[in-house]
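A.B. asks: structure-v4.cif is reproduced below (mmCIF, C-alpha atoms and all ligand atoms).
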```
data_structure
loop_
_atom_site.label_atom_id
_atom_site.label_comp_id
_atom_site.auth_asym_id
_atom_site.auth_seq_id
_atom_site.Cartn_x
_atom_site.Cartn_y
_atom_site.Cartn_z
CA MET A 1 4.35 1.59 0.53
CA ILE A 2 1.93 1.36 -2.45
CA GLU A 3 -0.38 4.34 -2.96
CA ILE A 4 -2.99 4.25 -5.69
CA ASN A 5 -4.85 7.53 -6.05
CA ASN A 6 -7.89 8.01 -8.27
CA VAL A 7 -6.57 5.79 -11.04
CA SER A 8 -8.67 5.51 -14.17
CA LYS A 9 -7.86 3.68 -17.37
CA TRP A 10 -9.54 3.23 -20.72
CA TYR A 11 -9.04 0.69 -23.50
CA GLY A 12 -10.33 2.83 -26.34
CA ASP A 13 -13.89 3.73 -25.32
CA PHE A 14 -14.04 1.04 -22.64
CA ARG A 15 -13.35 2.30 -19.14
CA VAL A 16 -11.60 -0.58 -17.41
CA LEU A 17 -10.70 1.25 -14.15
CA THR A 18 -12.71 4.04 -12.55
CA GLU A 19 -11.15 6.27 -9.90
CA CYS A 20 -9.48 3.47 -7.97
CA THR A 21 -7.91 4.54 -4.70
CA THR A 22 -6.22 2.35 -2.10
CA ARG A 23 -3.08 2.06 -0.03
CA VAL A 24 -0.97 -0.90 0.96
CA ALA A 25 1.19 -0.18 4.00
CA ALA A 26 4.55 -1.86 4.59
CA GLY A 27 3.98 -5.41 5.82
CA GLU A 28 0.34 -5.53 4.75
CA VAL A 29 -1.10 -8.34 2.65
CA VAL A 30 -3.98 -7.12 0.53
CA VAL A 31 -6.07 -9.59 -1.44
CA VAL A 32 -7.85 -8.28 -4.53
CA CYS A 33 -10.89 -10.26 -5.62
CA GLY A 34 -13.96 -9.79 -7.78
CA PRO A 35 -15.76 -11.22 -10.79
CA SER A 36 -14.00 -12.01 -14.04
CA GLY A 37 -13.36 -8.85 -16.04
CA SER A 38 -13.71 -6.50 -13.07
CA GLY A 39 -10.24 -5.00 -13.64
CA LYS A 40 -8.17 -6.79 -10.97
CA SER A 41 -5.27 -7.77 -13.25
CA THR A 42 -5.28 -4.39 -14.92
CA LEU A 43 -5.04 -2.59 -11.58
CA ILE A 44 -2.21 -4.72 -10.30
CA LYS A 45 -0.31 -4.40 -13.59
CA CYS A 46 -0.57 -0.62 -13.33
CA VAL A 47 1.39 -0.80 -10.08
CA ASN A 48 4.59 -1.93 -11.78
CA ALA A 49 3.91 -0.09 -15.01
CA LEU A 50 3.10 -3.16 -17.09
CA GLU A 51 -0.05 -1.25 -18.05
CA PRO A 52 -0.18 2.51 -18.42
CA PHE A 53 -3.10 4.40 -16.85
CA ASN A 54 -4.80 7.56 -18.02
CA GLU A 55 -5.66 9.43 -14.84
CA GLY A 56 -4.56 9.47 -11.23
CA SER A 57 -1.24 8.52 -9.70
CA ILE A 58 0.56 5.52 -8.24
CA THR A 59 3.63 5.61 -6.05
CA VAL A 60 5.66 2.71 -4.72
CA ASP A 61 7.81 3.59 -1.74
CA GLY A 62 7.63 7.22 -2.86
CA THR A 63 8.64 6.51 -6.49
CA SER A 64 6.03 7.69 -8.95
CA VAL A 65 5.00 4.95 -11.39
CA GLY A 66 4.63 6.21 -14.92
CA ALA A 67 6.31 9.55 -14.26
CA ARG A 68 8.94 10.71 -16.70
CA GLY A 69 12.38 9.86 -15.42
CA THR A 70 11.32 6.75 -13.46
CA SER A 71 13.50 3.83 -14.55
CA LEU A 72 11.12 0.98 -15.40
CA PRO A 73 13.64 -1.87 -15.03
CA LYS A 74 14.62 -0.55 -11.58
CA LEU A 75 11.01 -0.07 -10.52
CA ARG A 76 10.07 -3.55 -11.72
CA ALA A 77 13.04 -5.03 -9.92
CA ARG A 78 11.84 -3.50 -6.66
CA VAL A 79 8.26 -4.64 -7.23
CA GLY A 80 8.30 -8.42 -7.65
CA MET A 81 5.57 -9.79 -9.88
CA VAL A 82 4.28 -13.35 -10.20
CA PHE A 83 1.83 -14.15 -12.97
CA GLN A 84 -0.72 -16.87 -13.61
CA HIS A 85 1.59 -18.33 -16.27
CA PHE A 86 5.05 -18.47 -14.80
CA GLU A 87 6.82 -16.86 -17.76
CA LEU A 88 10.09 -18.68 -17.13
CA PHE A 89 12.56 -18.78 -20.02
CA PRO A 90 12.10 -22.33 -21.40
CA HIS A 91 15.56 -22.56 -22.96
CA MET A 92 17.41 -21.67 -19.74
CA SER A 93 18.13 -23.82 -16.70
CA ILE A 94 16.34 -22.97 -13.46
CA THR A 95 19.59 -21.50 -12.11
CA ASP A 96 19.97 -19.26 -15.16
CA ASN A 97 16.32 -18.21 -14.96
CA LEU A 98 17.01 -17.06 -11.41
CA ALA A 99 20.28 -15.33 -12.26
CA ILE A 100 19.60 -13.44 -15.46
CA ALA A 101 17.73 -10.40 -14.14
CA GLN A 102 20.04 -10.16 -11.14
CA ILE A 103 22.98 -9.89 -13.56
CA LYS A 104 21.35 -7.69 -16.21
CA VAL A 105 19.29 -5.35 -14.03
CA LEU A 106 21.11 -5.30 -10.69
CA GLY A 107 24.62 -5.78 -12.09
CA ARG A 108 25.43 -8.70 -9.78
CA GLY A 109 28.29 -11.01 -10.67
CA ARG A 110 27.47 -14.47 -12.03
CA ASP A 111 28.61 -16.30 -8.87
CA GLU A 112 26.74 -14.00 -6.52
CA ALA A 113 23.57 -14.30 -8.64
CA ARG A 114 23.91 -18.09 -8.72
CA GLN A 115 24.40 -18.35 -4.96
CA LYS A 116 21.44 -16.10 -4.29
CA GLY A 117 19.31 -18.13 -6.70
CA LEU A 118 20.31 -21.42 -5.04
CA ALA A 119 19.52 -20.08 -1.58
CA LEU A 120 16.05 -19.04 -2.76
CA LEU A 121 15.49 -22.34 -4.54
CA ASP A 122 16.30 -24.02 -1.25
CA ARG A 123 13.79 -21.80 0.48
CA VAL A 124 11.00 -22.86 -1.89
CA GLY A 125 12.08 -26.51 -1.59
CA LEU A 126 13.54 -26.91 -5.08
CA LYS A 127 17.31 -26.88 -4.69
CA ALA A 128 17.59 -30.35 -6.17
CA HIS A 129 16.08 -29.06 -9.42
CA ALA A 130 18.58 -26.23 -10.01
CA ASP A 131 20.03 -27.68 -13.23
CA LYS A 132 16.76 -28.70 -14.81
CA PHE A 133 14.81 -26.75 -17.41
CA PRO A 134 11.33 -25.33 -16.75
CA GLY A 135 9.66 -27.96 -18.95
CA GLN A 136 10.97 -30.69 -16.65
CA LEU A 137 9.12 -29.27 -13.64
CA SER A 138 5.45 -29.45 -12.68
CA GLY A 139 3.30 -26.32 -12.83
CA GLY A 140 3.45 -25.89 -9.07
CA GLN A 141 7.22 -26.24 -9.07
CA GLN A 142 7.55 -23.73 -11.92
CA GLN A 143 5.42 -21.26 -10.01
CA ARG A 144 7.62 -21.67 -6.93
CA VAL A 145 10.64 -20.97 -9.17
CA ALA A 146 8.85 -17.85 -10.44
CA ILE A 147 8.38 -16.68 -6.85
CA ALA A 148 12.05 -17.39 -6.07
CA ARG A 149 13.05 -15.49 -9.22
CA ALA A 150 11.08 -12.43 -8.07
CA LEU A 151 12.58 -12.68 -4.57
CA ALA A 152 16.10 -12.84 -6.00
CA MET A 153 15.73 -9.17 -6.90
CA ASP A 154 15.26 -8.24 -3.21
CA PRO A 155 11.88 -6.66 -3.89
CA ILE A 156 10.33 -4.26 -1.41
CA CYS A 157 6.90 -5.65 -2.22
CA MET A 158 5.37 -8.49 -4.25
CA LEU A 159 2.43 -8.49 -6.65
CA PHE A 160 0.66 -11.76 -7.45
CA ASP A 161 -1.78 -12.05 -10.34
CA GLU A 162 -3.82 -15.25 -9.87
CA PRO A 163 -0.70 -17.32 -9.18
CA THR A 164 -2.59 -20.55 -8.63
CA SER A 165 -5.41 -20.35 -11.14
CA ALA A 166 -3.55 -22.21 -13.91
CA LEU A 167 -2.46 -25.03 -11.59
CA ASP A 168 -3.92 -28.48 -11.05
CA PRO A 169 -5.69 -28.60 -7.68
CA GLU A 170 -3.05 -30.77 -6.02
CA MET A 171 -0.37 -28.17 -6.77
CA ILE A 172 -2.21 -25.15 -5.46
CA ASN A 173 -1.28 -25.64 -1.82
CA GLU A 174 2.44 -25.95 -2.42
CA VAL A 175 2.37 -22.47 -3.98
CA LEU A 176 0.02 -21.02 -1.37
CA ASP A 177 2.28 -22.37 1.38
CA VAL A 178 5.21 -20.37 -0.02
CA MET A 179 2.99 -17.26 -0.21
CA VAL A 180 1.74 -17.74 3.35
CA GLU A 181 5.33 -18.02 4.57
CA LEU A 182 6.27 -14.81 2.76
CA ALA A 183 3.28 -13.02 4.25
CA GLN A 184 4.13 -14.25 7.73
CA GLU A 185 7.69 -12.99 7.30
CA GLY A 186 6.30 -9.50 6.75
CA MET A 187 6.53 -9.11 2.97
CA THR A 188 4.24 -6.38 1.62
CA MET A 189 1.94 -8.15 -0.83
CA MET A 190 -0.89 -7.33 -3.19
CA CYS A 191 -2.48 -10.55 -4.44
CA VAL A 192 -5.19 -11.02 -7.04
CA THR A 193 -6.60 -14.39 -6.09
CA HIS A 194 -9.79 -16.31 -5.61
CA GLU A 195 -8.19 -18.38 -2.86
CA MET A 196 -10.34 -17.19 0.00
CA GLY A 197 -8.66 -19.64 2.41
CA PHE A 198 -5.40 -17.78 1.78
CA ALA A 199 -7.19 -14.46 2.27
CA ARG A 200 -8.71 -15.57 5.57
CA LYS A 201 -5.38 -16.84 6.79
CA VAL A 202 -3.01 -13.98 6.00
CA ALA A 203 -4.76 -10.99 4.43
CA SER A 204 -4.74 -7.71 6.30
CA ARG A 205 -7.47 -6.38 3.99
CA VAL A 206 -9.61 -7.53 1.11
CA ILE A 207 -10.41 -5.33 -1.88
CA PHE A 208 -13.47 -6.30 -3.91
CA MET A 209 -13.65 -4.94 -7.46
CA ASP A 210 -16.61 -4.80 -9.77
CA HIS A 211 -16.80 -3.21 -13.23
CA GLY A 212 -13.53 -1.35 -12.72
CA HIS A 213 -14.48 0.12 -9.34
CA ILE A 214 -13.07 -0.69 -5.93
CA VAL A 215 -16.39 -1.46 -4.31
CA GLU A 216 -15.05 -2.65 -0.95
CA ASP A 217 -11.72 -2.17 0.77
CA ASP A 218 -12.10 -3.62 4.18
CA ASP A 219 -10.58 -5.48 7.04
CA LYS A 220 -10.78 -9.20 6.14
CA ASP A 221 -12.99 -10.06 9.10
CA ALA A 222 -15.45 -7.34 8.11
CA PHE A 223 -15.34 -8.47 4.48
CA PHE A 224 -15.97 -12.14 5.22
CA GLY A 225 -18.32 -11.48 8.09
CA ASN A 226 -20.54 -8.90 6.53
CA PRO A 227 -19.68 -7.60 3.06
CA ARG A 228 -21.23 -4.19 2.49
CA SER A 229 -22.36 -4.61 -1.10
CA GLU A 230 -24.80 -7.09 -2.55
CA ARG A 231 -22.36 -7.83 -5.39
CA ALA A 232 -19.63 -8.83 -2.94
CA ARG A 233 -22.10 -10.99 -1.04
CA GLN A 234 -23.11 -12.77 -4.26
CA PHE A 235 -19.48 -13.17 -5.27
CA LEU A 236 -18.55 -14.70 -1.92
CA ASP A 237 -21.56 -17.03 -1.93
CA LYS A 238 -20.59 -18.27 -5.37
CA ILE A 239 -16.91 -18.68 -4.69
CA LEU A 240 -17.29 -20.30 -1.28
CA GLN A 241 -19.65 -22.91 -2.77
CA HIS A 242 -16.81 -24.28 -4.89
N1 LIG B 1 -5.58 -5.19 -23.84
C1 LIG B 1 -6.89 -5.06 -23.67
N2 LIG B 1 -7.66 -4.42 -24.58
C2 LIG B 1 -8.98 -4.25 -24.40
N3 LIG B 1 -9.67 -4.68 -23.32
C3 LIG B 1 -8.96 -5.33 -22.38
C4 LIG B 1 -7.55 -5.56 -22.50
N4 LIG B 1 -7.13 -6.22 -21.40
C5 LIG B 1 -8.23 -6.41 -20.62
N5 LIG B 1 -9.32 -5.88 -21.23
C6 LIG B 1 -10.68 -5.87 -20.68
O1 LIG B 1 -10.66 -5.16 -19.45
C7 LIG B 1 -11.52 -5.79 -18.51
C8 LIG B 1 -10.76 -6.08 -17.25
O2 LIG B 1 -9.78 -7.07 -17.52
P1 LIG B 1 -8.87 -7.67 -16.35
O3 LIG B 1 -8.03 -8.74 -16.95
O4 LIG B 1 -8.19 -6.57 -15.64
O5 LIG B 1 -10.00 -8.28 -15.41
P2 LIG B 1 -9.86 -9.33 -14.22
O6 LIG B 1 -10.77 -8.83 -13.16
O7 LIG B 1 -8.44 -9.52 -13.86
O8 LIG B 1 -10.48 -10.63 -14.87
P3 LIG B 1 -10.10 -12.20 -14.69
O9 LIG B 1 -10.49 -12.56 -13.29
O10 LIG B 1 -10.97 -12.86 -15.72
O11 LIG B 1 -8.64 -12.32 -14.96
C9 LIG B 1 -12.10 -7.01 -19.19
O12 LIG B 1 -13.39 -6.69 -19.67
C10 LIG B 1 -11.15 -7.27 -20.32
O13 LIG B 1 -11.82 -7.86 -21.41
#
```
Could I get this structure in the form of C-alpha cells?
C.D. replies:
Amino acid sequence: MIEINNVSKWYGDFRVLTECTTRVAAGEVVVVCGPSGSGKSTLIKCVNALEPFNEGSITVDGTSVGARGTSLPKLRARVGMVFQHFELFPHMSITDNLAIAQIKVLGRGRDEARQKGLALLDRVGLKAHADKFPGQLSGGQQQRVAIARALAMDPICMLFDEPTSALDPEMINEVLDVMVELAQEGMTMMCVTHEMGFARKVASRVIFMDHGHIVEDDDKDAFFGNPRSERARQFLDKILQH
C-alpha cells in the first residue's frame, strides 16, 4: 500500500532523512517512534507530499508521490492525515469543517457531504456538537473531529503525526480509542506517536528512527521484547519510565 524506497532529504546542508526504506501493507498499522528531531514527522509528511524529498521514491497504492502528473489534492484526499494541532477552520462550524473538502476536492453535493460528516461525527461520539465551532470543543474533541474529517474523504490509508501530544492527559485516551477502533477495523495506518500502549495494542510493526535513519523496523513483539539497537533500548527505557 505505502512503499518508501531509499528516501533521502536535505534541508540545505542538513540531511534530515537518509536512505529510508519501508513498506506498509494494506491493513497494517505501523508505529513510527524515535527521539525528538529524528525525522519522524518529515518522513510521514513525505508520504502525502506535504514535504518534498530529494532522492528515492514513494508510492501509495501504486501512485507515485512527487512524480510529475500526480494530482496532489487527489493524492492527499486518498491519504488521510491527522496532525498534532488539529488544523480545523476556526470560523466554520464542525459540519462545514467536515464538508468542505468533500465538496471542493471530491465534488460531492452539499447534502451528501453533510450526511457523511454527520455519520462520521456520530462514529467518533460527537454528533451533538455538529453545529458548534472548533473553539467551543475541547482539544480531544477537536482531534476526533479532525479524524472524522480525514475519514470523510474515504481514505485508503491514514497518517497520524503525534495526534495526542498536544492534548491534556485526560483527553489522550478518547483519541487513542478512536484510533484503536480504526486499526481494528482494518484501516492501513502509519502513526508517529510516543504512545507505546497504543503500539503494543494494535501495531503490526514498529519503526524506530534516529538521526534520519530507520534504525529498526520490526514486529512489535520483537521491538518491545528485545530491541536490536542500543539507541532504541535507551529510548524505550526513557519513554516507558514516564
Ligand atoms: N523546515 C525545516 N527547515 C530546516 N530544518 C528542519 C525543518 N523542519 C524540520 N527540520 C529539522 O529536521 C529534523 C527532523 O525534524 P522532524 O520534525 O522530522 O523530527 P521529529 O522526529 O518528528 O521530531 P519531534 O518528535 O520533535 O516532532 C530536526 O532536526 C528539525 O529541526
A.B. asks: Go through chain A residue by residue and, counting only C-alpha atoms and all ligand atoms, keep those with an atom at most 10 Å from ligand LIG 1 (chain B); for each kept residue give the shortest atom pair and its distance in Å to one decimal, ordered by chain and increasing number, as a tab-separated table.
C.D. replies:
```
residue	atom	partner	partner_atom	distance
A:Lys9	CA	B:LIG1	O1	9.5
A:Trp10	CA	B:LIG1	N3	8.3
A:Tyr11	CA	B:LIG1	C2	5.0
A:Gly12	CA	B:LIG1	C2	7.5
A:Asp13	CA	B:LIG1	C2	9.4
A:Phe14	CA	B:LIG1	N3	7.2
A:Arg15	CA	B:LIG1	O1	7.9
A:Val16	CA	B:LIG1	O1	5.1
A:Leu17	CA	B:LIG1	C8	8.0
A:Val32	CA	B:LIG1	O6	9.1
A:Cys33	CA	B:LIG1	O6	7.7
A:Gly34	CA	B:LIG1	O6	6.3
A:Pro35	CA	B:LIG1	O9	6.0
A:Ser36	CA	B:LIG1	O10	3.6
A:Gly37	CA	B:LIG1	O5	3.5
A:Ser38	CA	B:LIG1	O6	3.8
A:Gly39	CA	B:LIG1	O4	3.3
A:Lys40	CA	B:LIG1	O6	4.0
A:Ser41	CA	B:LIG1	O7	3.7
A:Thr42	CA	B:LIG1	O4	3.7
A:Leu43	CA	B:LIG1	O4	6.5
A:Ile44	CA	B:LIG1	O4	8.2
A:Lys45	CA	B:LIG1	O4	8.4
A:Cys46	CA	B:LIG1	O4	9.9
A:Glu51	CA	B:LIG1	N1	8.9
A:Gln84	CA	B:LIG1	O11	9.2
A:Asp161	CA	B:LIG1	O7	7.9
A:Glu162	CA	B:LIG1	O11	7.6
A:Ser165	CA	B:LIG1	O11	9.5
A:Val192	CA	B:LIG1	O7	7.7
A:Thr193	CA	B:LIG1	O9	8.4
A:His194	CA	B:LIG1	O9	8.6
A:Phe208	CA	B:LIG1	O6	10.0
A:Met209	CA	B:LIG1	O6	7.5
A:Asp210	CA	B:LIG1	O6	7.9
A:His211	CA	B:LIG1	C8	7.8
A:Gly212	CA	B:LIG1	C8	7.1
```
A.B. asks: Just the selected residues (C-alpha atoms), exported as a short mmCIF file (atom, residue, chain, number, x, y, z; two decimals), in the frame of the given file, please.
C.D. replies:
```cif
data_model
loop_
_atom_site.label_atom_id
_atom_site.label_comp_id
_atom_site.auth_asym_id
_atom_site.auth_seq_id
_atom_site.Cartn_x
_atom_site.Cartn_y
_atom_site.Cartn_z
CA LYS A 9 -7.86 3.68 -17.37
CA TRP A 10 -9.54 3.23 -20.72
CA TYR A 11 -9.04 0.69 -23.50
CA GLY A 12 -10.33 2.83 -26.34
CA ASP A 13 -13.89 3.73 -25.32
CA PHE A 14 -14.04 1.04 -22.64
CA ARG A 15 -13.35 2.30 -19.14
CA VAL A 16 -11.60 -0.58 -17.41
CA LEU A 17 -10.70 1.25 -14.15
CA VAL A 32 -7.85 -8.28 -4.53
CA CYS A 33 -10.89 -10.26 -5.62
CA GLY A 34 -13.96 -9.79 -7.78
CA PRO A 35 -15.76 -11.22 -10.79
CA SER A 36 -14.00 -12.01 -14.04
CA GLY A 37 -13.36 -8.85 -16.04
CA SER A 38 -13.71 -6.50 -13.07
CA GLY A 39 -10.24 -5.00 -13.64
CA LYS A 40 -8.17 -6.79 -10.97
CA SER A 41 -5.27 -7.77 -13.25
CA THR A 42 -5.28 -4.39 -14.92
CA LEU A 43 -5.04 -2.59 -11.58
CA ILE A 44 -2.21 -4.72 -10.30
CA LYS A 45 -0.31 -4.40 -13.59
CA CYS A 46 -0.57 -0.62 -13.33
CA GLU A 51 -0.05 -1.25 -18.05
CA GLN A 84 -0.72 -16.87 -13.61
CA ASP A 161 -1.78 -12.05 -10.34
CA GLU A 162 -3.82 -15.25 -9.87
CA SER A 165 -5.41 -20.35 -11.14
CA VAL A 192 -5.19 -11.02 -7.04
CA THR A 193 -6.60 -14.39 -6.09
CA HIS A 194 -9.79 -16.31 -5.61
CA PHE A 208 -13.47 -6.30 -3.91
CA MET A 209 -13.65 -4.94 -7.46
CA ASP A 210 -16.61 -4.80 -9.77
CA HIS A 211 -16.80 -3.21 -13.23
CA GLY A 212 -13.53 -1.35 -12.72
#
```
A.B. asks: Calculated over all atoms listed in the file, which of the candidates A:Val7, A:Ala150, A:Leu106, A:Val29 has the smallest distance to A:Glu185?
C.D. replies: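 Among A:Val7, A:Ala150, A:Leu106, A:Val29, it is A:Val29 that comes nearest to A:Glu185.
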A.B. asks: Restricting the calculation to only C-alpha atoms, which member of A:Leu137, A:Ala203, A:Val145, A:Ala166 is positioned closest to A:Ala99?
C.D. replies: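 Closest candidate: A:Val145.
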A.B. asks: Between atom CA of A:Ile58 and atom CA of A:Glu3, what is the distance in Å, rounded to a tenth?
C.D. replies: 5.5 Å
A.B. asks: How far is it from atom CA of A:Glu174 to atom CA of A:Lys238, in Å with one decimal?
C.D. replies: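 Between atom CA of A:Glu174 and atom CA of A:Lys238 the gap works out to 24.5 Å.
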A.B. asks: Find the spatial neighbours of A:Cys20, counting only C-alpha atoms, within a cut-off of 7 Å - ignore same-chain residues fewer than 6 positions away - and output them as a PyMOL selection string.
C.D. replies: chain A and resi 4-8+213-214
A.B. asks: Determine, counting all atoms listed in the file, every residue of protein, DNA or RNA that lies within 9 Å of (5.5, -27.7, -6.6) in the file coordinates, then give the result as JSON, numbers by chain.
C.D. replies: {"A": [124, 125, 126, 137, 138, 139, 140, 141, 142, 143, 144, 145, 171, 172, 173, 174, 175]}
A.B. asks: Just the number, please: distance in Å from atom CA of A:Val30 to atom CA of A:Arg205, one decimal.
C.D. replies: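 Straight-line distance from atom CA of A:Val30 to atom CA of A:Arg205 works out to 5.0 Å.
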A.B. asks: Counting all atoms listed in the file, which of A:Leu176, A:Val215, A:Met196, A:Met158 gets nearest to A:Gly27?
C.D. replies: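 Once distances to A:Gly27 are computed over all atoms listed in the file, the minimum belongs to A:Met158.
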